[in-house]
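Novice: Before we start, here is the structure in question, set down as structure tokens.
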Amino acid sequence: MESLSRETLERQMAQAVSQATTFHIWPEGEAPGAAASDAVFTPEPKHTGTSDYDRSVTGVRAPQITVYAPARPNGVGILVAPGGSYRRVVLDKEGSALASFFNQRGYTLFVMTYRMPGDGHEEGANAPLADVQRAMRTLRARADEWKLDASRIGVLGFSAGGHVAASLGTRHDEPVYTPRDAIDEHDARPAFMALVYPVITMHADIDHPGSRHELIGDTPTAEQIRHYSLEDRASADAPPTFLLHAVDDPAVKVENSLVMFNALRRLGVPVEMHLFERGKHGFGIRDAQGLPAAIWPELMMNWIATKV
């Protein structure tokens, strides 16, 4: 597989962003629970690098979905939760960078922003889960707009966004907000979940300290640890799962993917895992170029095609 230059990738990102559309997840714009928060929405240009396509945001109050639609939809939608250590959401590195790869194969991408668990929202640590549940229900309700099959919409998450995605996969039917309208009658269970260097566990030996601090603080109870450790929350009802991690990840230990793989396999949930020797953390697509890990979008799309 030929490596792509950063310039080529960023040219593809620029084209994808220019054609994308964006809408709010919640009917009033701001999430209902945001009324309790004093978070201030703050764009962060050039946060993950030096280009115009290294954007991130903090202080999310009105979560949004940006739609990257292919010329010829294959009927499958992917709700994307980018990472950011549960302190921010990156928009490009694990968002617009995916568009050209997945759109070429007909997949429609929905890159979301979500509220932070430490920003004082009414739902507290469940604010990101409320947002991703509402997002999935919205995509199901409006599937015809994008020529999608409502039963073939899955979730993809990176790093802390992997915890958001895996929360949806394992806690999709947990009531964490008051239903607003007919959209909330739709099922939030994703058809599949794909988790890339995901935060999974809150157990201290292999947790990601930054995400754990934002979610449950520095002195959590045993029940809090269990409640937000998604290997402990998995059930036989979890969707088919794809896991991807670099063994040399210094931030989110590879054991996060290992414990999730073992939990799902024990439960009989279809699960596939790819571990790469090198890649560190947050490689996305641009920083994987030149490494064996660069093949990951192809591996993931091939797997999704066998599941939905």
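Just so we're on the same page: first chain in the structure tokens is A, next is B, and so on; residues restart at 1 for each chain, and ligands are numbered from 1 in the order they show up.
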Can you tell me which residues surround A:Glu298 at a distance of at most 9 Å, considering only C-alpha atoms, apart from same-chain residues fewer than 5 positions away, and format the answer as a PyMOL selection string?
Specialist: chain A and resi 101-102+303
Novice: If you keep all heavy atoms, can you produce a file of those selected residues as a JSON list (two decimals), in the first residue's frame?
Specialist:
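Produced file out_5.json, reproduced below:
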```
[["chain", "number", "residue", "atom", "x", "y", "z"],
["A", 101, "PHE", "N", -11.29, 8.17, 2.31],
["A", 101, "PHE", "CA", -11.09, 6.72, 2.33],
["A", 101, "PHE", "C", -12.42, 5.98, 2.40],
["A", 101, "PHE", "O", -12.68, 5.05, 1.64],
["A", 101, "PHE", "CB", -10.21, 6.33, 3.53],
["A", 101, "PHE", "CG", -8.79, 6.81, 3.42],
["A", 101, "PHE", "CD1", -8.46, 8.11, 3.78],
["A", 101, "PHE", "CD2", -7.79, 5.98, 2.95],
["A", 101, "PHE", "CE1", -7.16, 8.57, 3.67],
["A", 101, "PHE", "CE2", -6.49, 6.42, 2.84],
["A", 101, "PHE", "CZ", -6.18, 7.73, 3.20],
["A", 102, "PHE", "N", -13.27, 6.39, 3.34],
["A", 102, "PHE", "CA", -14.53, 5.69, 3.55],
["A", 102, "PHE", "C", -15.55, 6.04, 2.48],
["A", 102, "PHE", "O", -16.33, 5.19, 2.06],
["A", 102, "PHE", "CB", -15.07, 5.98, 4.96],
["A", 102, "PHE", "CG", -14.34, 5.22, 6.04],
["A", 102, "PHE", "CD1", -13.13, 5.66, 6.54],
["A", 102, "PHE", "CD2", -14.87, 4.04, 6.55],
["A", 102, "PHE", "CE1", -12.46, 4.96, 7.52],
["A", 102, "PHE", "CE2", -14.21, 3.33, 7.54],
["A", 102, "PHE", "CZ", -12.99, 3.78, 8.03],
["A", 303, "TRP", "N", -14.05, -5.60, 7.15],
["A", 303, "TRP", "CA", -14.76, -6.26, 8.26],
["A", 303, "TRP", "C", -16.21, -5.79, 8.31],
["A", 303, "TRP", "O", -17.13, -6.61, 8.43],
["A", 303, "TRP", "CB", -14.04, -5.96, 9.57],
["A", 303, "TRP", "CG", -14.76, -6.47, 10.79],
["A", 303, "TRP", "CD1", -14.70, -7.74, 11.31],
["A", 303, "TRP", "CD2", -15.65, -5.74, 11.64],
["A", 303, "TRP", "NE1", -15.51, -7.83, 12.42],
["A", 303, "TRP", "CE2", -16.10, -6.62, 12.65],
["A", 303, "TRP", "CE3", -16.10, -4.41, 11.65],
["A", 303, "TRP", "CZ2", -16.98, -6.22, 13.66],
["A", 303, "TRP", "CZ3", -16.99, -4.01, 12.64],
["A", 303, "TRP", "CH2", -17.42, -4.91, 13.63]]
```
Novice: Give me the stretch 4-96 of chain A side of the contact with stretch 130-140 of chain A, cut-off 12 Å, one line per residue showing its nearest atom pair and distance in Å at one decimal, counting only C-alpha atoms, sorted by chain and residue number, as a tab-separated table.
Specialist:
```
residue	atom	partner	partner_atom	distance
A:Phe23	CA	A:Ala135	CA	10.5
A:His24	CA	A:Ala135	CA	9.1
A:Ile25	CA	A:Ala135	CA	5.7
A:Trp26	CA	A:Arg134	CA	7.4
A:Pro27	CA	A:Arg134	CA	10.3
A:Gly29	CA	A:Asp131	CA	11.8
A:Glu30	CA	A:Asp131	CA	10.7
A:Ala31	CA	A:Asp131	CA	7.9
A:Pro32	CA	A:Ala130	CA	10.0
A:Gly33	CA	A:Ala130	CA	9.3
A:Ala34	CA	A:Asp131	CA	11.1
A:Val60	CA	A:Asp131	CA	10.8
A:Arg61	CA	A:Asp131	CA	10.3
A:Ala62	CA	A:Asp131	CA	9.5
A:Pro63	CA	A:Asp131	CA	7.1
A:Gln64	CA	A:Ala135	CA	8.7
A:Ile65	CA	A:Ala135	CA	7.8
A:Thr66	CA	A:Ala135	CA	11.2
A:Val67	CA	A:Leu139	CA	10.5
A:Gly75	CA	A:Arg140	CA	11.9
A:Val76	CA	A:Leu139	CA	11.1
A:Gly77	CA	A:Leu139	CA	8.3
A:Ile78	CA	A:Met136	CA	9.4
A:Leu79	CA	A:Met136	CA	7.1
A:Val80	CA	A:Val132	CA	9.5
A:Ala81	CA	A:Val132	CA	8.2
A:Pro82	CA	A:Val132	CA	11.7
```
Novice: Would you mind writing down, as an MDAnalysis selection string, each residue of stretch 33-206 of chain A that DSSP on the backbone assigns to helix (DSSP H, G or I)?
Specialist: chainID A and resid 33:36 96:104 124:141 143:146 160:171 182:185
Novice: So which residues touch A:Pro73 within 9 Å, counting only C-alpha atoms, skipping near sequence neighbours fewer than 3 positions away, as a CSV table (one decimal) with C-alpha atoms, in the first residue's frame?
Specialist:
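Once written, out28.csv looks like this:
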```csv
chain,number,residue,atom,x,y,z
A,69,ALA,CA,-21.5,11.8,2.1
A,70,PRO,CA,-20.2,9.6,-0.7
A,76,VAL,CA,-24.1,1.9,5.5
A,77,GLY,CA,-23.6,4.9,7.9
A,103,ASN,CA,-16.5,7.7,1.0
A,105,ARG,CA,-16.2,2.7,-0.7
A,106,GLY,CA,-19.6,4.2,-0.3
A,107,TYR,CA,-19.7,4.6,3.5
A,108,THR,CA,-21.4,7.8,4.8
A,146,TRP,CA,-28.7,9.9,3.2
A,147,LYS,CA,-30.0,6.8,1.4
A,148,LEU,CA,-29.1,4.6,4.4
```
Novice: Check which residues of stretch 40-132 of chain A sit at most 10 Å from stretch 210-219 of chain A using only C-alpha atoms, and return one row each with the closest pair of atoms and their distance in Å to one decimal, ordered by chain and rising number, as a Markdown table.
Specialist:
```
| residue | atom | partner | partner_atom | distance |
| --- | --- | --- | --- | --- |
| A:Gly84 | CA | A:Ser211 | CA | 9.0 |
| A:Ser85 | CA | A:Ser211 | CA | 5.3 |
| A:Tyr86 | CA | A:Ser211 | CA | 5.6 |
| A:Arg87 | CA | A:Glu214 | CA | 7.4 |
| A:Met116 | CA | A:Glu214 | CA | 7.9 |
| A:Pro117 | CA | A:Leu215 | CA | 5.5 |
| A:Gly118 | CA | A:Glu214 | CA | 5.1 |
| A:Asp119 | CA | A:Glu214 | CA | 8.7 |
| A:Gly124 | CA | A:Leu215 | CA | 8.2 |
| A:Ala125 | CA | A:Leu215 | CA | 5.2 |
| A:Asn126 | CA | A:Leu215 | CA | 8.5 |
| A:Ala127 | CA | A:Leu215 | CA | 9.9 |
| A:Pro128 | CA | A:Leu215 | CA | 10.0 |
```
Novice: Which residues, written as a list of chain:residue names, have at least one atom at most 12 Å from A:Lys307, with only C-alpha atoms counted and residues fewer than 2 positions away on the same chain left out?
Specialist: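 Neighbouring residues, sequence-local ones excluded: A:Val76, A:Ser151, A:Arg152, A:Ile153, A:Gly154, A:Pro190, A:Ala191, A:Phe192, A:Met193, A:Ala194, A:Pro239, A:Pro240, A:Thr241, A:Phe242, A:Pro270, A:Val271, A:Glu272, A:Met300, A:Met301, A:Asn302, A:Trp303, A:Ile304, A:Ala305.
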Novice: Hey, which of A:Leu98, A:Ile285, A:Val254, A:Val40 ends up closest to A:Asp207? Count only C-alpha atoms.
Specialist: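 Comparing A:Leu98, A:Ile285, A:Val254, A:Val40 against A:Asp207, the winner is A:Val254.
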Novice: Mind checking DSSP for stretch 76-254 of chain A and telling me the strand (DSSP E or B) residues as a list of chain:residue names?
Specialist: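 Secondary structure check on stretch 76-254 of chain A, strand (DSSP E or B): A:Gly77, A:Ile78, A:Leu79, A:Val80, A:Ala81, A:Val89, A:Val90, A:Thr108, A:Leu109, A:Phe110, A:Val111, A:Met112, A:Ile153, A:Gly154, A:Val155, A:Leu156, A:Gly157, A:Phe158, A:Met193, A:Ala194, A:Leu195, A:Val196, A:Thr241, A:Phe242, A:Leu243, A:Leu244, A:His245, A:Ala246.
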Novice: Give the answer as one residue: which of A:Arg115, A:Arg286, A:Lys93, A:His281 has the shortest atom-to-atom distance to A:Ala251, using only C-alpha atoms?
Specialist: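 Counting only C-alpha atoms, the residue closest to A:Ala251 is A:His281.
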Novice: How close does each residue of stretch 209-273 of chain A get to stretch 170-188 of chain A, giving the shortest atom pair and distance in Å to one decimal for every residue with an atom at most 7 Å away, counting only C-alpha atoms, sorted by chain and residue number, as a Markdown table?
Specialist:
```
| residue | atom | partner | partner_atom | distance |
| --- | --- | --- | --- | --- |
| A:Leu230 | CA | A:Thr170 | CA | 6.9 |
| A:Arg233 | CA | A:Thr170 | CA | 6.0 |
| A:Ala234 | CA | A:Thr170 | CA | 5.1 |
| A:Ser235 | CA | A:Thr170 | CA | 6.9 |
| A:Ala238 | CA | A:Thr170 | CA | 5.6 |
```
Novice: Export N, CA and C atoms of the chosen residues as a PDB file, in the first residue's frame?
Specialist:
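New file selection_8.pdb:
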```
ATOM      1  N   LEU A 230     -15.887  -0.467  30.574  1.00  0.00           N
ATOM      2  CA  LEU A 230     -16.841  -1.026  29.621  1.00  0.00           C
ATOM      3  C   LEU A 230     -16.647  -2.513  29.387  1.00  0.00           C
ATOM      4  N   ARG A 233     -19.168  -3.838  31.536  1.00  0.00           N
ATOM      5  CA  ARG A 233     -20.550  -3.526  31.149  1.00  0.00           C
ATOM      6  C   ARG A 233     -21.006  -4.304  29.919  1.00  0.00           C
ATOM      7  N   ALA A 234     -20.074  -4.972  29.266  1.00  0.00           N
ATOM      8  CA  ALA A 234     -20.423  -5.702  28.050  1.00  0.00           C
ATOM      9  C   ALA A 234     -21.377  -6.849  28.357  1.00  0.00           C
ATOM     10  N   SER A 235     -22.289  -7.097  27.419  1.00  0.00           N
ATOM     11  CA  SER A 235     -23.227  -8.214  27.538  1.00  0.00           C
ATOM     12  C   SER A 235     -23.297  -8.920  26.191  1.00  0.00           C
ATOM     13  N   ALA A 238     -24.102  -6.920  23.053  1.00  0.00           N
ATOM     14  CA  ALA A 238     -23.187  -5.953  22.429  1.00  0.00           C
ATOM     15  C   ALA A 238     -23.081  -6.236  20.934  1.00  0.00           C
TER      16      ALA A 238
END
```
Novice: For each of A:Asn262, A:Thr22, A:Thr306, A:Ser100, take the minimum atom-to-atom distance to A:Glu10, counting only C-alpha atoms, then give the residue where this is smallest.
Specialist: A:Ser100
Novice: From the set A:Arg88, A:Met273, A:Leu9, A:Ile295, which residue has the shortest atom-to-atom contact distance to A:Ala39, counting only C-alpha atoms?
Specialist: A:Arg88
Novice: Hey, can you check how far atom CA of A:Ser56 sits from atom CA of A:His227?
Specialist: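 Between atom CA of A:Ser56 and atom CA of A:His227 the gap is 28.2 Å.
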Novice: List the spatial neighbours of A:Thr48 as a list of chain:residue names - criterion: any atom at most 10 Å away, only C-alpha atoms, same-chain residues fewer than 2 positions off excluded.
Specialist: A:Glu44, A:Pro45, A:Lys46, A:Thr50, A:Ser51, A:Tyr53, A:Asp54, A:Arg55, A:Ser56, A:Gly84, A:Val90, A:Leu91, A:Asp92, A:Lys93, A:Gly282
Novice: When you draw a straight line from atom CA of A:Thr58 to atom CA of A:Thr8, how long is it in Å?
Specialist: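 Separation between atom CA of A:Thr58 and atom CA of A:Thr8: 27.9 Å.
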Novice: Need the shell around A:Trp296: protein/DNA/RNA residues with any atom at most 10 Å away, counting only C-alpha atoms. Skip same-chain ones fewer than 6 positions apart. Format as a PyMOL selection string?
Specialist: chain A and resi 196+244-245+274+276+284-285+288+302
